[in-house]
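File shown: protein_12.pdb. Contents: PDB, C-alpha atoms and all ligand atoms.
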```
ATOM      1  CA  MET A  15     -12.650   9.142  11.093
ATOM      2  CA  LYS A  16     -10.252   8.352  13.916
ATOM      3  CA  LEU A  17      -7.511  10.957  13.710
ATOM      4  CA  ASP A  18      -4.196  10.800  15.529
ATOM      5  CA  LYS A  19      -1.616  13.490  16.218
ATOM      6  CA  SER A  20       0.081  12.928  12.856
ATOM      7  CA  SER A  21      -3.170  13.540  10.893
ATOM      8  CA  GLN A  22      -3.669  16.811   9.057
ATOM      9  CA  GLN A  23      -5.792  19.130  11.195
ATOM     10  CA  GLY A  24      -7.003  21.837   8.789
ATOM     11  CA  VAL A  25      -7.221  22.708   5.086
ATOM     12  CA  ARG A  26      -3.740  23.023   3.625
ATOM     13  CA  SER A  27      -2.996  26.625   2.746
ATOM     14  CA  ASP A  28      -1.180  25.503  -0.431
ATOM     15  CA  LEU A  29      -3.953  23.222  -1.711
ATOM     16  CA  ALA A  30      -5.189  25.598  -4.437
ATOM     17  CA  ARG A  31      -1.625  26.017  -5.697
ATOM     18  CA  ILE A  32      -1.089  22.235  -5.813
ATOM     19  CA  VAL A  33      -4.323  21.736  -7.777
ATOM     20  CA  GLU A  34      -3.530  24.601 -10.178
ATOM     21  CA  THR A  35      -0.078  23.095 -10.845
ATOM     22  CA  HIS A  36      -1.706  19.844 -11.968
ATOM     23  CA  PHE A  37      -4.022  21.718 -14.341
ATOM     24  CA  ARG A  38      -1.092  23.594 -15.867
ATOM     25  CA  SER A  39       1.127  20.579 -16.533
ATOM     26  CA  GLU A  40       0.841  17.556 -18.792
ATOM     27  CA  TRP A  41       0.879  14.313 -16.797
ATOM     28  CA  GLN A  42       3.663  12.125 -18.166
ATOM     29  CA  ARG A  43       3.111   8.875 -16.250
ATOM     30  CA  PRO A  44       2.912   5.982 -18.758
ATOM     31  CA  ILE A  45      -0.273   3.906 -18.883
ATOM     32  CA  GLY A  46       0.218   0.523 -17.167
ATOM     33  CA  ALA A  47       0.051  -2.497 -19.471
ATOM     34  CA  HIS A  48      -2.364  -4.291 -17.161
ATOM     35  CA  SER A  49      -4.802  -1.358 -17.108
ATOM     36  CA  ALA A  50      -4.600  -0.988 -20.903
ATOM     37  CA  ALA A  51      -5.402  -4.690 -21.355
ATOM     38  CA  ALA A  52      -8.285  -4.473 -18.862
ATOM     39  CA  PHE A  53      -9.660  -1.413 -20.667
ATOM     40  CA  ASP A  54      -9.442  -3.181 -24.043
ATOM     41  CA  ALA A  55     -11.344  -6.130 -22.588
ATOM     42  CA  VAL A  56     -14.430  -3.984 -21.863
ATOM     43  CA  ARG A  57     -14.089  -1.282 -24.514
ATOM     44  CA  ASP A  58     -16.310  -2.979 -27.125
ATOM     45  CA  GLN A  59     -19.038  -3.868 -24.646
ATOM     46  CA  VAL A  60     -19.170  -0.319 -23.277
ATOM     47  CA  GLN A  61     -19.058   1.312 -26.692
ATOM     48  CA  ALA A  62     -21.672  -1.042 -28.164
ATOM     49  CA  SER A  63     -24.066  -0.230 -25.341
ATOM     50  CA  SER A  64     -26.639   2.510 -25.800
ATOM     51  CA  ALA A  65     -27.232   2.619 -22.025
ATOM     52  CA  PRO A  66     -25.969   5.625 -20.048
ATOM     53  CA  LEU A  67     -22.601   4.847 -18.472
ATOM     54  CA  ILE A  68     -22.025   5.055 -14.700
ATOM     55  CA  ILE A  69     -18.524   4.581 -13.274
ATOM     56  CA  ASP A  70     -17.944   3.400  -9.710
ATOM     57  CA  SER A  71     -14.244   4.161  -9.199
ATOM     58  CA  CYS A  72     -12.298   2.416  -6.416
ATOM     59  CA  CYS A  73     -15.309   0.151  -5.931
ATOM     60  CA  GLY A  74     -13.556  -2.329  -3.624
ATOM     61  CA  THR A  75     -15.718  -5.442  -3.357
ATOM     62  CA  GLY A  76     -18.245  -3.875  -5.726
ATOM     63  CA  GLN A  77     -21.167  -3.852  -3.305
ATOM     64  CA  SER A  78     -21.882  -0.280  -4.415
ATOM     65  CA  THR A  79     -21.538  -1.254  -8.092
ATOM     66  CA  ARG A  80     -24.225  -3.890  -7.646
ATOM     67  CA  TYR A  81     -26.385  -1.409  -5.715
ATOM     68  CA  LEU A  82     -26.035   1.245  -8.437
ATOM     69  CA  ALA A  83     -26.890  -1.286 -11.149
ATOM     70  CA  GLY A  84     -30.127  -2.029  -9.296
ATOM     71  CA  LYS A  85     -30.911   1.632  -8.677
ATOM     72  CA  PHE A  86     -30.167   2.735 -12.246
ATOM     73  CA  SER A  87     -31.484  -0.278 -14.108
ATOM     74  CA  ASP A  88     -31.361   1.492 -17.501
ATOM     75  CA  ALA A  89     -27.626   2.226 -17.111
ATOM     76  CA  LEU A  90     -24.449   0.239 -17.636
ATOM     77  CA  VAL A  91     -22.406   0.439 -14.412
ATOM     78  CA  LEU A  92     -18.674  -0.128 -14.478
ATOM     79  CA  GLY A  93     -16.956  -0.836 -11.162
ATOM     80  CA  VAL A  94     -13.190  -0.323 -11.211
ATOM     81  CA  ASP A  95     -10.663  -1.241  -8.544
ATOM     82  CA  LYS A  96      -6.982  -2.113  -8.615
ATOM     83  CA  SER A  97      -7.214  -4.768  -5.899
ATOM     84  CA  ALA A  98      -7.708  -8.321  -7.168
ATOM     85  CA  HIS A  99      -8.214  -9.357  -3.562
ATOM     86  CA  ARG A 100     -11.154  -6.982  -3.018
ATOM     87  CA  LEU A 101     -12.734  -7.716  -6.412
ATOM     88  CA  ALA A 102     -12.548 -11.455  -5.693
ATOM     89  CA  ARG A 103     -14.828 -10.885  -2.701
ATOM     90  CA  HIS A 104     -17.590  -9.512  -4.917
ATOM     91  CA  GLN A 105     -20.960 -11.215  -4.498
ATOM     92  CA  ASP A 106     -23.228 -11.249  -7.538
ATOM     93  CA  GLY A 107     -26.764  -9.955  -7.249
ATOM     94  CA  GLU A 108     -29.754 -10.040  -9.534
ATOM     95  CA  ALA A 109     -28.712  -7.064 -11.654
ATOM     96  CA  GLN A 110     -27.017  -7.966 -14.944
ATOM     97  CA  ASN A 111     -26.200  -4.427 -16.070
ATOM     98  CA  TYR A 112     -22.790  -4.057 -14.468
ATOM     99  CA  ILE A 113     -19.180  -5.025 -15.103
ATOM    100  CA  MET A 114     -16.333  -5.303 -12.599
ATOM    101  CA  LEU A 115     -12.914  -4.371 -13.870
ATOM    102  CA  ARG A 116      -9.479  -4.643 -12.315
ATOM    103  CA  ALA A 117      -7.530  -1.534 -13.288
ATOM    104  CA  ASP A 118      -5.671   1.390 -11.796
ATOM    105  CA  VAL A 119      -7.945   4.417 -12.143
ATOM    106  CA  ASN A 120      -4.868   6.619 -12.715
ATOM    107  CA  ASP A 121      -4.725   4.815 -16.081
ATOM    108  CA  PHE A 122      -8.372   3.973 -16.534
ATOM    109  CA  TRP A 123      -9.597   7.576 -16.321
ATOM    110  CA  ARG A 124      -7.124   8.694 -19.001
ATOM    111  CA  LEU A 125      -8.029   5.767 -21.276
ATOM    112  CA  ALA A 126     -11.735   6.552 -20.834
ATOM    113  CA  VAL A 127     -11.234  10.256 -21.627
ATOM    114  CA  ASP A 128      -9.127   9.385 -24.692
ATOM    115  CA  ALA A 129     -11.827   6.973 -25.885
ATOM    116  CA  GLY A 130     -14.410   9.750 -25.557
ATOM    117  CA  TRP A 131     -16.420   8.082 -22.794
ATOM    118  CA  ARG A 132     -18.812  10.435 -21.021
ATOM    119  CA  PRO A 133     -20.302   8.866 -17.893
ATOM    120  CA  VAL A 134     -23.558  10.410 -16.708
ATOM    121  CA  ARG A 135     -22.560   9.679 -13.110
ATOM    122  CA  HIS A 136     -19.263   8.963 -11.421
ATOM    123  CA  TYR A 137     -18.974   7.576  -7.875
ATOM    124  CA  LEU A 138     -15.919   7.734  -5.636
ATOM    125  CA  LEU A 139     -16.997   6.164  -2.364
ATOM    126  CA  TYR A 140     -14.643   6.248   0.616
ATOM    127  CA  PRO A 141     -11.381   6.700  -1.269
ATOM    128  CA  ASN A 142      -8.271   6.139   0.844
ATOM    129  CA  PRO A 143      -7.939   9.341   2.914
ATOM    130  CA  TYR A 144      -4.131   9.485   3.326
ATOM    131  CA  PRO A 145      -4.608  11.593   6.481
ATOM    132  CA  LYS A 146      -1.046  12.851   7.016
ATOM    133  CA  ALA A 147      -0.451  16.355   5.659
ATOM    134  CA  ALA A 148       2.606  15.110   3.739
ATOM    135  CA  GLN A 149       0.386  12.609   1.890
ATOM    136  CA  VAL A 150      -1.876  15.283   0.376
ATOM    137  CA  ARG A 151      -0.800  14.572  -3.216
ATOM    138  CA  LYS A 152      -1.995  10.981  -2.849
ATOM    139  CA  ARG A 153      -5.576  12.182  -2.289
ATOM    140  CA  TRP A 154      -7.496  12.244  -5.588
ATOM    141  CA  TYR A 155      -8.255  15.976  -5.499
ATOM    142  CA  ALA A 156      -4.579  16.900  -5.073
ATOM    143  CA  SER A 157      -3.146  14.210  -7.332
ATOM    144  CA  PRO A 158      -2.020  14.608 -10.944
ATOM    145  CA  ALA A 159      -5.053  12.474 -11.899
ATOM    146  CA  PHE A 160      -7.512  15.175 -10.787
ATOM    147  CA  PRO A 161      -7.708  17.095 -14.110
ATOM    148  CA  THR A 162      -8.574  13.807 -15.865
ATOM    149  CA  LEU A 163     -11.276  13.025 -13.304
ATOM    150  CA  ILE A 164     -12.756  16.460 -14.040
ATOM    151  CA  LYS A 165     -12.507  15.963 -17.824
ATOM    152  CA  LEU A 166     -14.323  12.650 -17.614
ATOM    153  CA  GLY A 167     -17.361  14.609 -16.433
ATOM    154  CA  GLY A 168     -20.727  13.440 -15.162
ATOM    155  CA  LEU A 169     -22.426  13.982 -11.837
ATOM    156  CA  LEU A 170     -19.708  13.192  -9.309
ATOM    157  CA  THR A 171     -20.598  11.699  -5.915
ATOM    158  CA  VAL A 172     -17.843  11.468  -3.316
ATOM    159  CA  ARG A 173     -18.388   9.976   0.136
ATOM    160  CA  THR A 174     -15.929  10.010   3.006
ATOM    161  CA  ASN A 175     -15.833   9.650   6.770
ATOM    162  CA  TRP A 176     -13.353  12.517   7.052
ATOM    163  CA  ALA A 177     -14.908  16.004   7.043
ATOM    164  CA  LEU A 178     -11.622  17.580   5.973
ATOM    165  CA  TYR A 179     -11.446  15.327   2.916
ATOM    166  CA  ALA A 180     -14.866  16.602   1.786
ATOM    167  CA  GLU A 181     -13.871  20.187   2.532
ATOM    168  CA  GLU A 182     -10.601  19.985   0.602
ATOM    169  CA  PHE A 183     -12.288  18.120  -2.285
ATOM    170  CA  ALA A 184     -14.835  20.963  -2.582
ATOM    171  CA  LEU A 185     -12.020  23.500  -2.580
ATOM    172  CA  ALA A 186     -10.175  21.610  -5.340
ATOM    173  CA  LEU A 187     -13.408  21.469  -7.366
ATOM    174  CA  ALA A 188     -13.772  25.241  -6.989
ATOM    175  CA  VAL A 189     -10.215  25.642  -8.331
ATOM    176  CA  ALA A 190     -11.384  23.555 -11.309
ATOM    177  CA  GLY A 191     -14.369  25.910 -11.698
ATOM    178  CA  ARG A 192     -16.935  23.398 -10.457
ATOM    179  CA  GLY A 193     -19.497  23.901  -7.738
ATOM    180  CA  ALA A 194     -20.326  21.279  -5.133
ATOM    181  CA  SER A 195     -23.014  20.668  -2.584
ATOM    182  CA  ARG A 196     -22.254  18.928   0.690
ATOM    183  CA  ARG A 197     -24.388  17.020   3.149
ATOM    184  CA  VAL A 198     -23.976  14.756   6.134
ATOM    185  CA  LEU A 199     -25.567  11.384   5.462
ATOM    186  CA  ALA A 200     -28.669  10.736   7.503
ATOM    187  CA  ASP A 201     -29.416   7.320   8.912
ATOM    188  CA  GLU A 202     -29.728   5.552   5.548
ATOM    189  CA  PRO A 203     -29.021   2.008   4.339
ATOM    190  CA  PRO A 204     -25.318   1.544   3.542
ATOM    191  CA  VAL A 205     -24.392   1.137  -0.112
ATOM    192  CA  SER A 206     -20.817  -0.146   0.175
ATOM    193  CA  ALA A 207     -18.617  -2.284   2.405
ATOM    194  CA  PHE A 208     -16.774   0.698   3.905
ATOM    195  CA  GLU A 209     -20.002   2.607   4.408
ATOM    196  CA  THR A 210     -21.312  -0.373   6.398
ATOM    197  CA  LYS A 211     -18.108  -0.517   8.454
ATOM    198  CA  TYR A 212     -18.083   3.210   9.230
ATOM    199  CA  GLN A 213     -21.785   3.280  10.094
ATOM    200  CA  GLU A 214     -21.267   0.382  12.516
ATOM    201  CA  ARG A 215     -18.485   2.385  14.166
ATOM    202  CA  GLY A 216     -20.792   5.395  14.498
ATOM    203  CA  HIS A 217     -18.765   7.676  12.208
ATOM    204  CA  SER A 218     -20.291  10.766  10.617
ATOM    205  CA  LEU A 219     -20.357  10.332   6.843
ATOM    206  CA  PHE A 220     -20.059  13.177   4.340
ATOM    207  CA  GLU A 221     -21.236  13.392   0.740
ATOM    208  CA  LEU A 222     -20.140  15.795  -1.942
ATOM    209  CA  LEU A 223     -22.119  16.191  -5.185
ATOM    210  CA  SER A 224     -20.707  18.054  -8.152
ATOM    211  CA  ASP A 225     -21.933  18.364 -11.727
ATOM    212  CA  LEU A 226     -18.593  18.208 -13.513
ATOM    213  CA  ASP A 227     -20.263  19.112 -16.808
ATOM    214  CA  ASP A 228     -21.423  22.443 -15.397
ATOM    215  CA  LEU A 229     -18.396  24.691 -15.500
ATOM    216  CA  ARG A 230     -20.530  27.813 -15.199
ATOM    217  CA  ALA A 231     -21.999  26.855 -11.800
ATOM    218  CA  GLY A 232     -18.561  26.608 -10.244
ATOM    219  CA  ALA A 233     -17.329  29.799 -11.877
ATOM    220  CA  GLU A 234     -20.374  31.725 -10.634
ATOM    221  CA  ARG A 235     -19.992  30.357  -7.133
ATOM    222  CA  LYS A 236     -16.317  31.327  -7.080
ATOM    223  CA  GLY A 237     -17.269  34.786  -8.319
ATOM    224  CA  SER A 238     -19.966  35.306  -5.706
ATOM    225  CA  GLU A 239     -17.669  34.135  -2.901
ATOM    226  CA  GLY A 240     -14.826  36.367  -3.981
TER     227      GLY A 240
HETATM  228  C1  LIG A 301     -11.304   2.425   1.424
HETATM  229  S1  LIG A 301     -11.579   1.373   0.069
HETATM  230  C2  LIG A 301     -13.262   1.764  -0.411
HETATM  231  C3  LIG A 301     -13.866   0.696  -1.269
HETATM  232  C4  LIG A 301     -15.341   0.912  -1.661
HETATM  233  N1  LIG A 301     -15.534   2.090  -2.476
HETATM  234  C5  LIG A 301     -16.237   0.969  -0.447
HETATM  235  O1  LIG A 301     -16.799   2.040  -0.172
HETATM  236  O2  LIG A 301     -16.386  -0.071   0.201
HETATM  237  C6  LIG A 301     -10.614   2.175  -1.192
HETATM  238  C7  LIG A 301     -10.474   1.357  -2.463
HETATM  239  O3  LIG A 301      -9.755   2.121  -3.411
HETATM  240  C8  LIG A 301      -9.008   1.222  -4.208
HETATM  241  N2  LIG A 301      -7.955   1.986  -4.883
HETATM  242  C9  LIG A 301      -7.004   2.757  -4.318
HETATM  243  N3  LIG A 301      -6.207   3.300  -5.258
HETATM  244  C10 LIG A 301      -6.692   2.854  -6.464
HETATM  245  C11 LIG A 301      -6.295   3.061  -7.810
HETATM  246  N4  LIG A 301      -5.245   3.829  -8.116
HETATM  247  N5  LIG A 301      -7.014   2.467  -8.785
HETATM  248  C12 LIG A 301      -8.077   1.676  -8.495
HETATM  249  N6  LIG A 301      -8.477   1.426  -7.232
HETATM  250  C13 LIG A 301      -7.810   2.016  -6.227
HETATM  251  C14 LIG A 301      -8.489   0.202  -3.192
HETATM  252  O4  LIG A 301      -8.069  -0.992  -3.813
HETATM  253  C15 LIG A 301      -9.713   0.038  -2.300
HETATM  254  O5  LIG A 301     -10.521  -1.033  -2.731
END
```
Whole structure given in structure tokens:
Amino acid sequence: MKLDKSSQQGVRSDLARIVETHFRSEWQRPIGAHSAAAFDAVRDQVQASSAPLIIDSCCGTGQSTRYLAGKFSDALVLGVDKSAHRLARHQDGEAQNYIMLRADVNDFWRLAVDAGWRPVRHYLLYPNPYPKAAQVRKRWYASPAFPTLIKLGGLLTVRTNWALYAEEFALALAVAGRGASRRVLADEPPVSAFETKYQERGHSLFELLSDLDDLRAGAERKGSEG
């Protein structure tokens, strides 16, 4: 990622405290009416399906949603993004096993947890980095939505072009008692619009994998590090 002087340079020393605060407090933000209506529109289809659920959060144009539907053809893949503009640029493919939904994931994740949805996999590809140190609480791992993301569970895949984002995300996961493995993407075919853009610019791309359903793995890792 191209960083300027105003970008955060290292892991924030107060990150663990910020994350812990979110786990200790009840998030009061009301659910948006638009997100609730969007959730209701797909609830029956998702709940009637016996296919494993995969969520592609902040899917943008949904290129990755279509890719995941092809890769996991036995699953039902749900791509969620708040931008009508980006979703409108989605191009259909052959796969039929996916749904695109316009909703704010701050609401959607809570509605999904409350409805008892348990995705087997959850993708968060190139979320907005908010690179200034003062913007840290806007990043998913330091936002009040993070405990809900954890509760939703599944095998979480995060990709970013900012090494610090991956590093801080892993630290936040450790605070939540979850382990994570990290790798730098090799030269592999891009799966989303931003991945294509960043590859063309020659950026290094980072992936974080975390089994959110495996609390023990994170706890053990924390123990062995400490
Ligand atoms: C940098 S783009 C990445 C899009 C896509 N994942 C990709 O890799 O091409 C970030 C996306 O996050 C979406 N987004 C940001 N905040 C969101 C929110 N609260 N709820 C849903 N989508 C959100 C934006 O609309 C945008 O499409």
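Closest approach to Phe37 of chain A among A:Leu125, A:Ala159, A:Leu226, A:Ala177 is made by A:Ala159 (distances from all atoms listed in the file).
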Problem - Ground truth for the PyMOL selection byres (((chain A and resi 166) around 12) and not hetatm), written as a PyMOL selection string - result: chain A and resi 67-69+71+119+122-137+159-165+167-170+225-227
Practice task
Given the file shown, enumerate the residues that the PyMOL selection byres (((chain A and resi 199) around 8) and not hetatm) captures and present them as a VMD selection string.
Solution key: chain A and resid 197 to 198 200 to 202 218 to 221
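Shell of Ser64 of chain A at 10 Å, with only C-alpha atoms counted and residues fewer than 6 places along the chain excluded, is Asp88, Ala89 and Leu90 of chain A.
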Completion exercise
Pairwise distance, atom CA of Trp41 of chain A with atom CA of Ser157 of chain A, equals 10.3 Å
Practice task
Do a neighbour search on Ser195 of chain A at 7 Å with only C-alpha atoms, toss out local chain neighbours closer than 6 positions, and write the hits as a list in words.
Solution key: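 With the cut-off at 7 Å, the set is Leu222, Leu223 and Ser224 of chain A.
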Problem - Closest of A:Ala147, A:Gln77, A:Val56, A:Asp18 to Phe208 of chain A - atom-to-atom distances counting only C-alpha atoms - result: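 Looking at the shortest contact to Phe208 of chain A, the residue is A:Gln77.
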Output the residue selection produced by the PyMOL selection byres (((not hetatm)) within 10 of (chain A and resi 301)) on the file above, formatted as a PDB file with C-alpha atoms, keeping the file's coordinate frame.
```
ATOM      1  CA  SER A  49      -4.802  -1.358 -17.108  1.00  0.00           C
ATOM      2  CA  ASP A  70     -17.944   3.400  -9.710  1.00  0.00           C
ATOM      3  CA  SER A  71     -14.244   4.161  -9.199  1.00  0.00           C
ATOM      4  CA  CYS A  72     -12.298   2.416  -6.416  1.00  0.00           C
ATOM      5  CA  CYS A  73     -15.309   0.151  -5.931  1.00  0.00           C
ATOM      6  CA  GLY A  74     -13.556  -2.329  -3.624  1.00  0.00           C
ATOM      7  CA  THR A  75     -15.718  -5.442  -3.357  1.00  0.00           C
ATOM      8  CA  GLY A  76     -18.245  -3.875  -5.726  1.00  0.00           C
ATOM      9  CA  GLN A  77     -21.167  -3.852  -3.305  1.00  0.00           C
ATOM     10  CA  SER A  78     -21.882  -0.280  -4.415  1.00  0.00           C
ATOM     11  CA  THR A  79     -21.538  -1.254  -8.092  1.00  0.00           C
ATOM     12  CA  GLY A  93     -16.956  -0.836 -11.162  1.00  0.00           C
ATOM     13  CA  VAL A  94     -13.190  -0.323 -11.211  1.00  0.00           C
ATOM     14  CA  ASP A  95     -10.663  -1.241  -8.544  1.00  0.00           C
ATOM     15  CA  LYS A  96      -6.982  -2.113  -8.615  1.00  0.00           C
ATOM     16  CA  SER A  97      -7.214  -4.768  -5.899  1.00  0.00           C
ATOM     17  CA  ALA A  98      -7.708  -8.321  -7.168  1.00  0.00           C
ATOM     18  CA  HIS A  99      -8.214  -9.357  -3.562  1.00  0.00           C
ATOM     19  CA  ARG A 100     -11.154  -6.982  -3.018  1.00  0.00           C
ATOM     20  CA  LEU A 101     -12.734  -7.716  -6.412  1.00  0.00           C
ATOM     21  CA  LEU A 115     -12.914  -4.371 -13.870  1.00  0.00           C
ATOM     22  CA  ARG A 116      -9.479  -4.643 -12.315  1.00  0.00           C
ATOM     23  CA  ALA A 117      -7.530  -1.534 -13.288  1.00  0.00           C
ATOM     24  CA  ASP A 118      -5.671   1.390 -11.796  1.00  0.00           C
ATOM     25  CA  VAL A 119      -7.945   4.417 -12.143  1.00  0.00           C
ATOM     26  CA  ASN A 120      -4.868   6.619 -12.715  1.00  0.00           C
ATOM     27  CA  ASP A 121      -4.725   4.815 -16.081  1.00  0.00           C
ATOM     28  CA  PHE A 122      -8.372   3.973 -16.534  1.00  0.00           C
ATOM     29  CA  TRP A 123      -9.597   7.576 -16.321  1.00  0.00           C
ATOM     30  CA  TYR A 137     -18.974   7.576  -7.875  1.00  0.00           C
ATOM     31  CA  LEU A 138     -15.919   7.734  -5.636  1.00  0.00           C
ATOM     32  CA  LEU A 139     -16.997   6.164  -2.364  1.00  0.00           C
ATOM     33  CA  TYR A 140     -14.643   6.248   0.616  1.00  0.00           C
ATOM     34  CA  PRO A 141     -11.381   6.700  -1.269  1.00  0.00           C
ATOM     35  CA  ASN A 142      -8.271   6.139   0.844  1.00  0.00           C
ATOM     36  CA  PRO A 143      -7.939   9.341   2.914  1.00  0.00           C
ATOM     37  CA  LYS A 152      -1.995  10.981  -2.849  1.00  0.00           C
ATOM     38  CA  ARG A 153      -5.576  12.182  -2.289  1.00  0.00           C
ATOM     39  CA  TRP A 154      -7.496  12.244  -5.588  1.00  0.00           C
ATOM     40  CA  ALA A 159      -5.053  12.474 -11.899  1.00  0.00           C
ATOM     41  CA  VAL A 172     -17.843  11.468  -3.316  1.00  0.00           C
ATOM     42  CA  ARG A 173     -18.388   9.976   0.136  1.00  0.00           C
ATOM     43  CA  THR A 174     -15.929  10.010   3.006  1.00  0.00           C
ATOM     44  CA  PRO A 204     -25.318   1.544   3.542  1.00  0.00           C
ATOM     45  CA  VAL A 205     -24.392   1.137  -0.112  1.00  0.00           C
ATOM     46  CA  SER A 206     -20.817  -0.146   0.175  1.00  0.00           C
ATOM     47  CA  ALA A 207     -18.617  -2.284   2.405  1.00  0.00           C
ATOM     48  CA  PHE A 208     -16.774   0.698   3.905  1.00  0.00           C
ATOM     49  CA  GLU A 209     -20.002   2.607   4.408  1.00  0.00           C
ATOM     50  CA  THR A 210     -21.312  -0.373   6.398  1.00  0.00           C
ATOM     51  CA  LYS A 211     -18.108  -0.517   8.454  1.00  0.00           C
ATOM     52  CA  TYR A 212     -18.083   3.210   9.230  1.00  0.00           C
TER      53      TYR A 212
END
```
Practice task
Name all residues at most 8 Å from segment 21-27 of chain A (count all atoms listed in the file; drop same-chain ones fewer than 2 positions away) and give them as a ChimeraX atom specification.
Solution key: /A:17-19,29-30,145-147,178,181-182
Could segment 131-142 of chain A be completed with N, CA and C atoms and written as a PDB file, in the coordinates of the input, please?
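The resulting result_4.pdb:
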```pdb
ATOM      1  N   TRP A 131     -15.321   8.508 -23.671  1.00  0.00           N
ATOM      2  CA  TRP A 131     -16.420   8.082 -22.794  1.00  0.00           C
ATOM      3  C   TRP A 131     -16.900   9.256 -21.961  1.00  0.00           C
ATOM      4  N   ARG A 132     -18.223   9.344 -21.802  1.00  0.00           N
ATOM      5  CA  ARG A 132     -18.812  10.435 -21.021  1.00  0.00           C
ATOM      6  C   ARG A 132     -19.800   9.839 -20.029  1.00  0.00           C
ATOM      7  N   PRO A 133     -19.353   9.423 -18.871  1.00  0.00           N
ATOM      8  CA  PRO A 133     -20.302   8.866 -17.893  1.00  0.00           C
ATOM      9  C   PRO A 133     -21.320   9.919 -17.448  1.00  0.00           C
ATOM     10  N   VAL A 134     -22.550   9.470 -17.223  1.00  0.00           N
ATOM     11  CA  VAL A 134     -23.558  10.410 -16.708  1.00  0.00           C
ATOM     12  C   VAL A 134     -23.350  10.623 -15.211  1.00  0.00           C
ATOM     13  N   ARG A 135     -22.846   9.594 -14.552  1.00  0.00           N
ATOM     14  CA  ARG A 135     -22.560   9.679 -13.110  1.00  0.00           C
ATOM     15  C   ARG A 135     -21.231   9.017 -12.836  1.00  0.00           C
ATOM     16  N   HIS A 136     -20.554   9.539 -11.826  1.00  0.00           N
ATOM     17  CA  HIS A 136     -19.263   8.963 -11.421  1.00  0.00           C
ATOM     18  C   HIS A 136     -19.228   8.928  -9.886  1.00  0.00           C
ATOM     19  N   TYR A 137     -18.991   7.751  -9.342  1.00  0.00           N
ATOM     20  CA  TYR A 137     -18.974   7.576  -7.875  1.00  0.00           C
ATOM     21  C   TYR A 137     -17.558   7.303  -7.399  1.00  0.00           C
ATOM     22  N   LEU A 138     -17.218   7.928  -6.285  1.00  0.00           N
ATOM     23  CA  LEU A 138     -15.919   7.734  -5.636  1.00  0.00           C
ATOM     24  C   LEU A 138     -16.253   7.610  -4.147  1.00  0.00           C
ATOM     25  N   LEU A 139     -16.483   6.381  -3.724  1.00  0.00           N
ATOM     26  CA  LEU A 139     -16.997   6.164  -2.364  1.00  0.00           C
ATOM     27  C   LEU A 139     -15.870   5.733  -1.430  1.00  0.00           C
ATOM     28  N   TYR A 140     -15.646   6.525  -0.422  1.00  0.00           N
ATOM     29  CA  TYR A 140     -14.643   6.248   0.616  1.00  0.00           C
ATOM     30  C   TYR A 140     -13.264   5.963   0.039  1.00  0.00           C
ATOM     31  N   PRO A 141     -12.752   6.866  -0.780  1.00  0.00           N
ATOM     32  CA  PRO A 141     -11.381   6.700  -1.269  1.00  0.00           C
ATOM     33  C   PRO A 141     -10.410   6.747  -0.091  1.00  0.00           C
ATOM     34  N   ASN A 142      -9.255   6.134  -0.249  1.00  0.00           N
ATOM     35  CA  ASN A 142      -8.271   6.139   0.844  1.00  0.00           C
ATOM     36  C   ASN A 142      -7.975   7.581   1.225  1.00  0.00           C
TER      37      ASN A 142
END
```
